[in-house]
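The file upload.cif contains mmCIF, C-alpha atoms:
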```cif
data_upload
loop_
_atom_site.label_atom_id
_atom_site.label_comp_id
_atom_site.auth_asym_id
_atom_site.auth_seq_id
_atom_site.Cartn_x
_atom_site.Cartn_y
_atom_site.Cartn_z
CA MET W 1 -3.07 4.15 6.39
CA SER W 2 -5.33 7.12 6.87
CA THR W 3 -7.31 7.27 10.06
CA GLY W 4 -9.07 10.64 10.51
CA LYS W 5 -12.27 12.18 9.26
CA PRO W 6 -13.10 11.74 5.57
CA LEU W 7 -11.94 14.71 3.53
CA ALA W 8 -14.31 16.71 1.34
CA GLY W 9 -14.67 14.97 -2.02
CA LYS W 10 -16.02 18.17 -3.57
CA ARG W 11 -12.43 19.45 -3.82
CA TRP W 12 -11.90 17.22 -6.85
CA TYR W 13 -14.75 18.49 -9.00
CA ARG W 14 -14.48 22.09 -7.78
CA LEU W 15 -10.73 22.60 -8.32
CA ILE W 16 -9.37 19.98 -10.70
CA PRO W 17 -11.40 20.91 -13.83
CA VAL W 18 -10.44 24.58 -13.44
CA VAL W 19 -6.76 23.77 -12.92
CA PHE W 20 -6.80 21.34 -15.85
CA ILE W 21 -8.32 23.87 -18.26
CA THR W 22 -5.98 26.64 -17.08
CA TYR W 23 -2.87 24.60 -17.79
CA SER W 24 -4.42 23.49 -21.08
CA PHE W 25 -4.59 27.11 -22.23
CA ALA W 26 -0.98 27.65 -21.18
CA TYR W 27 0.10 24.65 -23.19
CA LEU W 28 -1.99 25.59 -26.19
CA ASP W 29 -0.34 29.00 -26.49
CA ARG W 30 3.19 27.62 -26.29
CA ALA W 31 2.91 24.45 -28.41
CA ASN W 32 0.98 25.71 -31.44
CA PHE W 33 4.21 27.28 -32.71
CA GLY W 34 5.11 23.89 -34.18
CA PHE W 35 2.02 24.04 -36.40
CA ALA W 36 2.78 27.58 -37.51
CA ALA W 37 6.29 26.43 -38.42
CA ALA W 38 4.87 23.56 -40.48
CA GLY W 39 2.09 25.74 -41.89
CA GLY W 40 3.92 28.52 -43.77
CA MET W 41 5.19 30.96 -41.12
CA ALA W 42 8.84 30.43 -42.09
CA ASP W 43 8.14 31.20 -45.75
CA ASP W 44 5.97 34.25 -44.99
CA LEU W 45 8.57 35.84 -42.70
CA ASN W 46 11.67 34.57 -44.56
CA ILE W 47 12.90 32.66 -41.53
CA THR W 48 15.96 30.45 -42.00
CA PRO W 49 16.04 26.93 -40.46
CA GLY W 50 18.53 28.10 -37.81
CA ILE W 51 16.38 31.06 -36.74
CA LEU W 52 13.28 28.84 -36.78
CA SER W 53 14.97 26.48 -34.33
CA LEU W 54 15.92 29.44 -32.15
CA LEU W 55 12.35 30.75 -32.18
CA GLY W 56 10.95 27.35 -31.28
CA SER W 57 13.24 27.16 -28.26
CA LEU W 58 13.36 30.83 -27.20
CA PHE W 59 10.14 30.49 -25.20
CA PHE W 60 11.96 28.18 -22.79
CA LEU W 61 14.79 30.65 -22.21
CA GLY W 62 12.34 33.22 -20.81
CA TYR W 63 10.62 30.38 -18.97
CA PHE W 64 13.95 29.36 -17.38
CA PHE W 65 14.94 32.74 -15.94
CA PHE W 66 11.70 33.73 -14.19
CA GLN W 67 10.47 30.48 -12.59
CA ILE W 68 11.83 31.00 -9.09
CA PRO W 69 10.64 34.60 -8.46
CA GLY W 70 7.15 33.65 -9.67
CA ALA W 71 7.01 30.53 -7.53
CA HIS W 72 8.18 32.49 -4.49
CA TYR W 73 5.31 34.93 -5.04
CA ALA W 74 2.82 32.07 -5.46
CA ALA W 75 4.03 30.36 -2.27
CA SER W 76 4.29 33.46 -0.09
CA LYS W 77 1.54 35.66 -1.55
CA SER W 78 -1.09 34.32 -3.94
CA ALA W 79 -1.03 31.66 -6.66
CA LYS W 80 -4.56 32.77 -7.56
CA LYS W 81 -3.54 36.35 -8.37
CA LEU W 82 -0.36 35.34 -10.19
CA ILE W 83 -2.19 32.99 -12.54
CA PHE W 84 -5.03 35.46 -13.15
CA TRP W 85 -2.64 38.05 -14.60
CA SER W 86 -0.60 35.40 -16.38
CA LEU W 87 -3.69 34.17 -18.24
CA ILE W 88 -4.45 37.65 -19.53
CA LEU W 89 -0.87 38.38 -20.55
CA TRP W 90 -0.08 35.09 -22.24
CA GLY W 91 -3.37 35.12 -24.16
CA GLY W 92 -2.57 38.62 -25.38
CA LEU W 93 0.96 37.68 -26.42
CA ALA W 94 -0.31 34.59 -28.24
CA MET W 95 -2.75 36.71 -30.23
CA ALA W 96 -0.01 39.26 -30.95
CA THR W 97 2.06 36.47 -32.53
CA GLY W 98 -0.53 36.32 -35.30
CA LEU W 99 -0.17 40.03 -36.03
CA ILE W 100 3.60 40.47 -36.32
CA LYS W 101 5.28 41.39 -39.59
CA ASN W 102 8.96 40.73 -38.87
CA VAL W 103 11.20 38.23 -37.12
CA THR W 104 12.52 40.72 -34.52
CA LEU W 105 9.08 41.18 -32.99
CA LEU W 106 8.52 37.43 -33.09
CA ILE W 107 11.73 36.92 -31.09
CA VAL W 108 10.58 39.43 -28.46
CA ILE W 109 7.10 37.91 -28.19
CA ARG W 110 8.37 34.32 -27.86
CA PHE W 111 10.76 35.31 -25.08
CA ALA W 112 8.07 37.38 -23.30
CA LEU W 113 5.59 34.49 -23.57
CA GLY W 114 8.09 32.30 -21.75
CA ILE W 115 8.47 34.88 -18.98
CA VAL W 116 4.71 35.22 -18.49
CA GLU W 117 4.12 31.47 -18.38
CA SER W 118 7.19 30.67 -16.32
CA ALA W 119 5.56 30.49 -12.88
CA VAL W 120 2.29 28.87 -13.93
CA MET W 121 3.35 25.23 -13.55
CA PRO W 122 5.02 25.58 -10.10
CA ALA W 123 2.21 27.89 -8.94
CA LEU W 124 -0.42 25.30 -9.85
CA LEU W 125 1.61 22.54 -8.15
CA ILE W 126 1.89 24.72 -5.03
CA LEU W 127 -1.86 25.32 -5.13
CA LEU W 128 -2.62 21.60 -5.37
CA SER W 129 -0.22 20.78 -2.53
CA GLN W 130 -2.34 23.07 -0.32
CA TRP W 131 -5.52 21.19 -1.19
CA PHE W 132 -4.59 17.51 -1.63
CA THR W 133 -2.89 15.08 0.74
CA ARG W 134 0.05 12.75 0.15
CA GLY W 135 -2.17 9.84 -0.86
CA GLU W 136 -3.99 12.04 -3.39
CA ARG W 137 -1.16 14.14 -4.76
CA SER W 138 0.07 12.03 -7.66
CA ARG W 139 -3.48 11.86 -9.06
CA ALA W 140 -4.07 15.60 -8.47
CA ASN W 141 -0.77 16.46 -10.18
CA THR W 142 -1.62 14.13 -13.04
CA PHE W 143 -4.98 15.78 -13.66
CA LEU W 144 -3.11 19.09 -13.83
CA ILE W 145 -0.44 17.82 -16.20
CA LEU W 146 -3.04 16.02 -18.32
CA GLY W 147 -3.69 19.51 -19.65
CA ASN W 148 -0.46 19.01 -21.59
CA PRO W 149 -1.19 15.87 -23.67
CA ALA W 150 -4.95 16.49 -23.74
CA THR W 151 -4.34 19.93 -25.22
CA LEU W 152 -1.84 18.57 -27.71
CA LEU W 153 -4.42 15.98 -28.71
CA TRP W 154 -7.19 18.39 -29.67
CA MET W 155 -4.84 21.25 -30.55
CA SER W 156 -3.07 19.11 -33.13
CA ILE W 157 -6.35 18.40 -34.90
CA LEU W 158 -7.81 21.90 -34.49
CA SER W 159 -4.60 23.71 -35.45
CA GLY W 160 -4.29 21.69 -38.63
CA TYR W 161 -7.78 22.79 -39.68
CA LEU W 162 -7.26 26.42 -38.54
CA VAL W 163 -3.99 26.77 -40.46
CA ASP W 164 -5.68 25.28 -43.50
CA ALA W 165 -8.72 27.58 -43.20
CA ALA W 166 -7.35 30.83 -41.72
CA GLY W 167 -3.59 30.57 -42.05
CA TRP W 168 -1.06 30.49 -39.22
CA ARG W 169 -1.92 34.07 -38.23
CA GLY W 170 -5.59 33.29 -37.75
CA MET W 171 -4.68 30.21 -35.74
CA PHE W 172 -2.66 32.25 -33.22
CA VAL W 173 -5.39 34.85 -32.77
CA MET W 174 -8.23 32.36 -32.38
CA GLU W 175 -6.28 30.15 -29.97
CA GLY W 176 -4.99 33.03 -27.83
CA LEU W 177 -8.31 34.74 -27.02
CA PRO W 178 -9.83 32.00 -24.78
CA ALA W 179 -7.09 32.39 -22.14
CA VAL W 180 -8.02 36.04 -21.60
CA VAL W 181 -11.69 35.19 -21.12
CA TRP W 182 -10.89 32.25 -18.86
CA ALA W 183 -8.89 34.45 -16.45
CA PHE W 184 -12.09 35.87 -14.98
CA TYR W 185 -13.65 32.45 -14.44
CA TRP W 186 -10.43 31.35 -12.71
CA TRP W 187 -10.66 34.32 -10.35
CA LYS W 188 -14.22 33.47 -9.40
CA LYS W 189 -13.72 29.74 -8.76
CA ILE W 190 -10.28 29.36 -7.13
CA ASP W 191 -9.19 29.90 -3.51
CA ASN W 192 -5.56 29.77 -2.42
CA LYS W 193 -6.14 27.65 0.69
CA PRO W 194 -8.97 25.69 2.32
CA ARG W 195 -9.50 28.31 5.05
CA GLU W 196 -10.51 30.84 2.34
CA ALA W 197 -13.12 28.61 0.69
CA GLN W 198 -16.73 29.54 1.37
CA TRP W 199 -17.89 26.29 -0.29
CA LEU W 200 -16.40 24.17 2.52
CA THR W 201 -17.88 23.88 5.99
CA ALA W 202 -15.78 24.87 9.00
CA GLY W 203 -15.33 21.19 9.88
CA GLU W 204 -14.21 20.29 6.35
CA LYS W 205 -11.66 23.11 6.34
CA GLN W 206 -10.24 22.06 9.69
CA ALA W 207 -10.05 18.35 8.82
CA LEU W 208 -8.13 19.05 5.62
CA GLU W 209 -5.71 21.55 7.16
CA ASP W 210 -5.07 19.23 10.12
CA ARG W 211 -4.23 16.36 7.75
CA LEU W 212 -1.90 18.49 5.64
CA GLU W 213 -0.17 19.83 8.74
CA ALA W 214 0.29 16.32 10.17
CA GLU W 215 2.06 15.24 7.00
CA GLN W 216 4.64 17.98 7.44
CA GLN W 217 5.76 16.43 10.73
CA HIS W 218 7.29 13.47 8.86
CA ILE W 219 9.53 15.67 6.69
CA ARG W 220 12.96 16.76 7.89
CA PRO W 221 13.04 20.57 8.30
CA ILE W 222 15.12 22.65 5.88
CA ARG W 223 16.00 26.15 7.01
CA ASN W 224 15.85 28.16 3.78
CA TYR W 225 15.92 28.10 -0.01
CA ALA W 226 19.73 28.01 -0.21
CA ALA W 227 19.88 24.85 1.90
CA ALA W 228 17.17 23.22 -0.23
CA PHE W 229 18.95 24.11 -3.47
CA ARG W 230 22.14 22.46 -2.17
CA SER W 231 20.40 19.22 -1.23
CA ARG W 232 21.43 16.14 -3.18
CA THR W 233 17.85 15.29 -4.12
CA VAL W 234 17.06 18.72 -5.59
CA VAL W 235 20.33 18.89 -7.55
CA LEU W 236 19.89 15.42 -9.05
CA LEU W 237 16.19 15.88 -9.80
CA SER W 238 16.97 19.20 -11.51
CA LEU W 239 19.44 17.47 -13.81
CA GLN W 240 17.08 14.52 -14.31
CA TYR W 241 14.19 16.78 -15.32
CA ALA W 242 16.38 18.80 -17.69
CA LEU W 243 17.31 15.60 -19.55
CA TRP W 244 13.72 14.36 -19.54
CA SER W 245 12.53 17.68 -20.98
CA ILE W 246 15.07 17.47 -23.81
CA GLY W 247 13.18 14.43 -25.04
CA VAL W 248 9.69 15.76 -24.40
CA TYR W 249 10.04 19.14 -26.05
CA GLY W 250 12.27 17.99 -28.88
CA PHE W 251 9.36 15.67 -29.62
CA VAL W 252 6.48 18.12 -29.02
CA MET W 253 7.90 21.06 -30.98
CA TRP W 254 9.03 19.17 -34.07
CA LEU W 255 6.64 16.21 -34.37
CA PRO W 256 4.40 18.14 -36.84
CA SER W 257 7.42 18.86 -39.04
CA ILE W 258 8.58 15.22 -38.85
CA ILE W 259 5.15 13.99 -39.93
CA LYS W 260 4.69 16.70 -42.57
CA ALA W 261 7.91 15.57 -44.27
CA ALA W 262 6.34 12.20 -45.15
CA PRO W 263 5.28 11.78 -48.81
CA ASP W 264 1.87 13.24 -49.74
CA MET W 265 1.23 14.51 -46.20
CA GLY W 266 -0.98 17.61 -45.94
CA ILE W 267 -1.33 19.88 -42.91
CA VAL W 268 -4.74 18.46 -41.93
CA GLU W 269 -3.45 14.89 -42.07
CA THR W 270 -0.40 16.04 -40.09
CA GLY W 271 -2.72 17.39 -37.40
CA TRP W 272 -4.58 14.11 -37.01
CA LEU W 273 -1.41 12.01 -36.85
CA ALA W 274 0.31 14.41 -34.45
CA ALA W 275 -2.57 13.85 -32.03
CA VAL W 276 -2.09 10.07 -31.81
CA PRO W 277 0.76 9.95 -29.24
CA TYR W 278 -1.37 11.90 -26.78
CA ILE W 279 -4.22 9.41 -27.08
CA LEU W 280 -1.81 6.91 -25.53
CA ALA W 281 -0.36 9.45 -23.07
CA ILE W 282 -3.64 10.34 -21.35
CA PRO W 283 -4.71 6.87 -20.10
CA GLY W 284 -1.06 6.08 -19.38
CA MET W 285 -0.77 9.06 -17.05
CA LEU W 286 -4.01 8.19 -15.24
CA VAL W 287 -3.09 4.54 -14.72
CA VAL W 288 0.44 5.31 -13.53
CA ALA W 289 -0.81 7.98 -11.11
CA TYR W 290 -3.45 5.65 -9.67
CA PHE W 291 -0.98 2.86 -8.89
CA SER W 292 1.67 5.29 -7.66
CA ASP W 293 -0.79 6.75 -5.13
CA MET W 294 -2.15 3.34 -4.19
CA ARG W 295 1.34 2.06 -3.33
CA LEU W 296 2.85 5.44 -2.42
CA ASN W 297 5.76 4.46 -4.66
CA ARG W 298 7.18 7.19 -6.88
CA LYS W 299 10.55 6.03 -8.26
CA GLY W 300 9.25 2.70 -9.56
CA TYR W 301 6.62 4.52 -11.62
CA VAL W 302 9.04 7.00 -13.25
CA TRP W 303 12.29 5.49 -14.50
CA PRO W 304 10.92 2.45 -16.41
CA PHE W 305 8.82 4.71 -18.64
CA LEU W 306 11.75 7.00 -19.40
CA LEU W 307 13.79 3.94 -20.38
CA LEU W 308 10.94 2.75 -22.63
CA GLY W 309 10.87 6.17 -24.33
CA ALA W 310 14.62 6.00 -24.93
CA LEU W 311 14.32 2.55 -26.50
CA ALA W 312 11.44 3.69 -28.74
CA PHE W 313 13.45 6.66 -30.08
CA TYR W 314 16.43 4.37 -30.66
CA GLY W 315 14.17 1.96 -32.53
CA SER W 316 12.99 4.81 -34.79
CA TYR W 317 16.62 5.62 -35.51
CA LEU W 318 17.43 2.00 -36.41
CA ILE W 319 14.42 1.66 -38.72
CA GLY W 320 15.38 4.73 -40.72
CA PRO W 321 13.36 7.07 -42.96
CA GLY W 322 12.22 4.39 -45.41
CA HIS W 323 9.62 2.89 -43.05
CA PHE W 324 7.47 5.82 -42.00
CA TRP W 325 4.57 3.94 -40.41
CA THR W 326 6.72 1.62 -38.31
CA SER W 327 8.77 4.59 -37.16
CA PHE W 328 5.58 6.50 -36.40
CA VAL W 329 4.29 3.69 -34.15
CA LEU W 330 7.54 3.84 -32.17
CA LEU W 331 7.21 7.63 -31.89
CA VAL W 332 3.70 7.13 -30.50
CA ILE W 333 5.13 4.75 -27.88
CA ALA W 334 7.91 7.23 -27.05
CA GLY W 335 5.42 10.05 -26.59
CA GLY W 336 3.13 8.02 -24.34
CA ALA W 337 6.05 6.73 -22.26
CA MET W 338 7.52 10.20 -21.71
CA TYR W 339 4.22 11.57 -20.41
CA ALA W 340 3.11 8.67 -18.20
CA PRO W 341 5.26 9.38 -15.09
CA TYR W 342 4.70 13.13 -14.61
CA GLY W 343 2.28 12.78 -11.67
CA PRO W 344 4.53 10.57 -9.51
CA PHE W 345 7.57 12.69 -10.34
CA PHE W 346 6.11 15.94 -9.05
CA ALA W 347 4.67 14.18 -6.00
CA VAL W 348 8.22 13.25 -4.93
CA ILE W 349 9.23 16.85 -4.26
CA THR W 350 6.46 17.65 -1.79
CA GLU W 351 7.13 14.37 0.04
CA VAL W 352 10.85 14.89 0.64
CA LEU W 353 10.93 18.66 1.24
CA PRO W 354 9.04 20.72 3.84
CA ARG W 355 6.38 23.22 2.82
CA ASN W 356 8.56 26.29 3.35
CA VAL W 357 10.95 25.30 0.55
CA ALA W 358 9.02 22.75 -1.55
CA GLY W 359 7.34 25.29 -3.83
CA VAL W 360 10.48 27.15 -4.82
CA SER W 361 12.41 23.87 -5.11
CA MET W 362 9.76 22.72 -7.60
CA ALA W 363 10.34 25.97 -9.48
CA LEU W 364 14.09 25.33 -9.59
CA ILE W 365 13.54 21.80 -10.90
CA ASN W 366 10.97 23.04 -13.40
CA SER W 367 13.30 25.84 -14.52
CA MET W 368 16.00 23.28 -15.23
CA GLY W 369 13.33 21.43 -17.19
CA ALA W 370 12.81 24.64 -19.15
CA LEU W 371 16.53 24.80 -19.85
CA GLY W 372 16.37 21.21 -21.10
CA SER W 373 13.33 22.15 -23.19
CA PHE W 374 15.30 25.01 -24.75
CA ILE W 375 18.21 22.70 -25.56
CA GLY W 376 15.94 19.93 -26.83
CA SER W 377 13.72 22.03 -29.06
CA TYR W 378 16.70 23.97 -30.46
CA ILE W 379 19.04 21.04 -31.11
CA VAL W 380 16.33 18.76 -32.52
CA GLY W 381 15.21 21.53 -34.88
CA TYR W 382 18.84 22.28 -35.78
CA LEU W 383 19.70 18.64 -36.45
CA ASN W 384 16.58 18.17 -38.57
CA GLY W 385 17.36 21.29 -40.61
CA VAL W 386 21.10 20.74 -41.08
CA THR W 387 21.08 17.01 -41.82
CA GLY W 388 17.74 16.86 -43.60
CA LYS W 389 17.11 13.66 -41.64
CA PHE W 390 15.42 12.81 -38.35
CA GLY W 391 17.69 9.94 -37.24
CA PRO W 392 20.28 12.13 -35.48
CA SER W 393 17.60 13.89 -33.43
CA TYR W 394 16.07 10.51 -32.46
CA MET W 395 19.46 9.41 -31.11
CA PHE W 396 19.87 12.70 -29.24
CA MET W 397 16.47 12.34 -27.53
CA ALA W 398 17.09 8.65 -26.77
CA GLY W 399 20.37 9.45 -25.03
CA ALA W 400 18.80 12.21 -22.94
CA LEU W 401 15.96 9.96 -21.77
CA LEU W 402 18.33 7.10 -20.93
CA LEU W 403 20.41 9.37 -18.70
CA SER W 404 17.22 10.73 -17.13
CA ALA W 405 16.09 7.20 -16.23
CA VAL W 406 19.45 6.45 -14.60
CA LEU W 407 19.37 9.69 -12.60
CA THR W 408 15.87 8.87 -11.34
CA ILE W 409 17.17 5.64 -9.85
CA VAL W 410 20.09 7.48 -8.22
CA ALA W 411 18.19 10.58 -7.02
CA VAL W 412 15.11 9.15 -5.32
CA LYS W 413 15.86 7.12 -2.21
CA PRO W 414 13.97 3.83 -1.83
CA GLY W 415 12.04 5.15 1.19
CA ALA W 416 10.70 8.25 -0.58
CA GLY W 417 7.00 7.67 -0.96
CA ALA W 418 7.40 3.91 -0.68
CA THR W 419 5.11 1.55 1.12
CA GLU W 420 5.70 -0.67 4.08
CA SER W 421 6.01 -4.37 3.37
CA SER W 422 2.48 -4.78 4.67
CA GLY W 423 1.19 -2.54 1.91
CA CYS W 424 0.22 0.24 4.32
CA ALA W 425 1.62 3.70 3.76
CA LYS W 426 4.48 4.90 5.92
CA TYR W 427 2.85 8.26 6.27
CA PRO W 428 -0.74 9.29 6.84
CA SER W 429 -2.61 9.84 3.63
#
```
Can the structure in the file be given as structure tokens, please?
Amino acid sequence: MSTGKPLAGKRWYRLIPVVFITYSFAYLDRANFGFAAAGGMADDLNITPGILSLLGSLFFLGYFFFQIPGAHYAASKSAKKLIFWSLILWGGLAMATGLIKNVTLLIVIRFALGIVESAVMPALLILLSQWFTRGERSRANTFLILGNPATLLWMSILSGYLVDAAGWRGMFVMEGLPAVVWAFYWWKKIDNKPREAQWLTAGEKQALEDRLEAEQQHIRPIRNYAAAFRSRTVVLLSLQYALWSIGVYGFVMWLPSIIKAAPDMGIVETGWLAAVPYILAIPGMLVVAYFSDMRLNRKGYVWPFLLLGALAFYGSYLIGPGHFWTSFVLLVIAGGAMYAPYGPFFAVITEVLPRNVAGVSMALINSMGALGSFIGSYIVGYLNGVTGKFGPSYMFMAGALLLSAVLTIVAVKPGAGATESSGCAKYPS
């Protein structure tokens, strides 16, 4: 249990809202492609189903290749500066998507958008690890990642109306501009480390940095990046996250198209229904993060939810296309279950790896997630287009999530983040 001076509570309301909104803008400008695809972009640009699947997934290919260099810069130089320029560039590229006239430019922009956004997630996780302790980290990570389902919630509704009112081009332009404006607010409010923050007293800075440094003493040293990348935990978690991301992004990218295919379903109605899974995801993430931090148990708050998501997708497959509403309820459960364990998962990495390699190891794991996202969004879109049915893609996502749940059990040792039998944490929090 923690025994030192109380840490400054102002960190939560100073940093977390800014981090949350920043990641929300990143997610907005990558995920609204699904609404453009359902809202007439393919017809306007004469895009075939195969090319549409490629475009939906191409973002993640750029995202995959440039994670590690960006995370290294964030860890060794400045996460603040990296994200400032990323906000400006990805907002600009998102707006440019609404102005293109041919598929070639769209291919270039989607790949470039992935490159620009590639380091944002690991950079934000690195930033939070420099501000929040072990006993706080699952909740801090969850508030960051809540930008994902929370954005999908309001974006699904807003994008449906924007496509209906201004077309898919107007949607891209209007949803890309806020990121550029927000970059300057980010620069004003964020500091890389506690020692740089003028809004903390000298005593508050020292207490926080002493606590964070003390936590590092309980982690076995790892000499360099190469040694970290060869570690069993990093290899298995990379594969686990790739499989998890197959399910998540196959779901996120193509849910609007799945819903839109239902009889008498307009784009506005599609937007409202596409938001429902994220209504479940948000409280699920908060509750799971709270109990994971309270018990300092990570593994037990990850794999059961991935298994539940796999079972829900399999249930949708068994029900078949003739029972839309029952299948939709199971898709809502699958979406909520896939999102719930993000906070505990990313807390694992900073608790089993030392600070000198944790950030870039997170980037490697996240880049493998991007590769899984590429595979998931492409294959799900391909299966939907080729078969004209959604059952095969449900089975594909169910299998990926089942394997991810198994790998979680294998990868994370029982002692990682676990509690003593007395209920007190093994490490200071």
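One distance worth recording is that between atom CA of Ala75 of chain W and atom CA of Ala150 of chain W, which is 27.1 Å.
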Exercise. Neighbours of segment 286-293 of chain W within 6 Å (all atoms listed in the file; same-chain residues fewer than 5 positions away dropped), as number ranges by chain?
Worked result: W: 135, 138-139, 298, 343
Problem set entry | Surrounding residues of segment 374-376 of chain W excluding itself and chain neighbours under 4 positions, 10 Å, all atoms listed in the file, as a PyMOL selection string | chain W and resi 53-64+242-253+368-370+380-382+393+396-397+400
Go through segment 92-186 of chain W and flag each residue having an atom no more than 12 Å from segment 193-211 of chain W; for those, report the closest pair of atoms plus their distance in Å to one decimal, using only C-alpha atoms, ordered by chain and rising number, as a tab-separated table.
```
residue	atom	partner	partner_atom	distance
W:Ile126	CA	W:Lys193	CA	10.3
W:Leu127	CA	W:Lys193	CA	7.6
W:Leu128	CA	W:Lys193	CA	9.3
W:Ser129	CA	W:Lys193	CA	9.6
W:Gln130	CA	W:Lys193	CA	6.0
W:Trp131	CA	W:Pro194	CA	6.7
W:Phe132	CA	W:Leu208	CA	8.2
W:Thr133	CA	W:Arg211	CA	7.3
W:Arg134	CA	W:Arg211	CA	9.4
W:Gly135	CA	W:Arg211	CA	11.0
W:Glu136	CA	W:Arg211	CA	12.0
```
Problem set entry | Exercise: residues within 8 Å of coordinate (-4.8, 32.3, -22.8), counting all atoms listed in the file, as a ChimeraX atom specification | /W:25-26,29,87-92,94,175-183
Problem set entry | Distance criterion (all atoms listed in the file): nearest to Lys189 of chain W out of W:Ile145, W:Leu52, W:Val357, W:Val19 | W:Val19
Using the chain letters and numbers from the file, give me the residues hit by the PyMOL selection byres ((chain W and resi 406) around 12), as a compact mmCIF listing (two decimals) with C-alpha atoms, keeping the file's coordinate frame.
```
# COMPACT_ATOMS: atom_id res chain seq x y z
CA LEU W 236 19.89 15.42 -9.05
CA LEU W 237 16.19 15.88 -9.80
CA LEU W 239 19.44 17.47 -13.81
CA GLN W 240 17.08 14.52 -14.31
CA TYR W 241 14.19 16.78 -15.32
CA LEU W 243 17.31 15.60 -19.55
CA TRP W 244 13.72 14.36 -19.54
CA LYS W 299 10.55 6.03 -8.26
CA GLY W 300 9.25 2.70 -9.56
CA VAL W 302 9.04 7.00 -13.25
CA TRP W 303 12.29 5.49 -14.50
CA PRO W 304 10.92 2.45 -16.41
CA PHE W 305 8.82 4.71 -18.64
CA LEU W 306 11.75 7.00 -19.40
CA LEU W 307 13.79 3.94 -20.38
CA ALA W 310 14.62 6.00 -24.93
CA GLY W 399 20.37 9.45 -25.03
CA ALA W 400 18.80 12.21 -22.94
CA LEU W 401 15.96 9.96 -21.77
CA LEU W 402 18.33 7.10 -20.93
CA LEU W 403 20.41 9.37 -18.70
CA SER W 404 17.22 10.73 -17.13
CA ALA W 405 16.09 7.20 -16.23
CA LEU W 407 19.37 9.69 -12.60
CA THR W 408 15.87 8.87 -11.34
CA ILE W 409 17.17 5.64 -9.85
CA VAL W 410 20.09 7.48 -8.22
CA ALA W 411 18.19 10.58 -7.02
CA VAL W 412 15.11 9.15 -5.32
```
Problem set entry | Residue IDs satisfying the PyMOL selection byres ((chain W and resi 186) around 12), as number ranges by chain | W: 14-23, 25, 79-88, 179-185, 187-192
Problem set entry | Nearest-residue call for Ala261 of chain W, choices W:Gly388, W:Gly40, W:Gly9, W:Gly98, using all atoms listed in the file |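 Distance minimum relative to Ala261 of chain W lands on W:Gly388.
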Exercise. Separation of atom CA of Met265 of chain W and atom CA of Met174 of chain W, in Å?
Worked result: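 For atom CA of Met265 of chain W relative to atom CA of Met174 of chain W, the distance reads 24.5 Å.
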Where is the centre and how long are the edges: axis-aligned box on segment 99-110 of chain W, 3 Å on each side, Å to one decimal, as AutoDock Vina command-line options:
```
--center_x 6.2 --center_y 37.9 --center_z -33.7 --size_x 18.7 --size_y 13.1 --size_z 17.7
```
Exercise. Of the candidates W:Val348, W:Met41, W:Leu153, W:Ala358, which one gets nearest to Ala71 of chain W if we count all atoms listed in the file?
Worked result: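 Counting all atoms listed in the file, the residue closest to Ala71 of chain W is W:Ala358.
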For this session: Measure the distance from atom CA of Pro277 of chain W to atom CA of Tyr161 of chain W in Å and round it to one decimal.
Result: 18.6 Å
Exercise. Using only C-alpha atoms, which of the listed residues (W:Gly284, W:Gly160, W:Gly70, W:Gly372) sits closest to Lys260 of chain W?
Worked result: W:Gly160
Problem set entry | Asn384 of chain W environment, 9 Å, all atoms listed in the file, sequence neighbours closer than 6 positions dropped, as a PyMOL selection string | chain W and resi 49+254+258+390-393
For this session: Enumerate, as a ChimeraX atom specification, the protein, DNA and RNA residues whose atoms approach (3.7, 10.5, -25.6) to within 12 Å, taking into account all atoms listed in the file and the coordinate frame of the file.
Result: /W:146,148-150,152-153,247-252,255,274-285,305-306,308-310,312-313,328-342
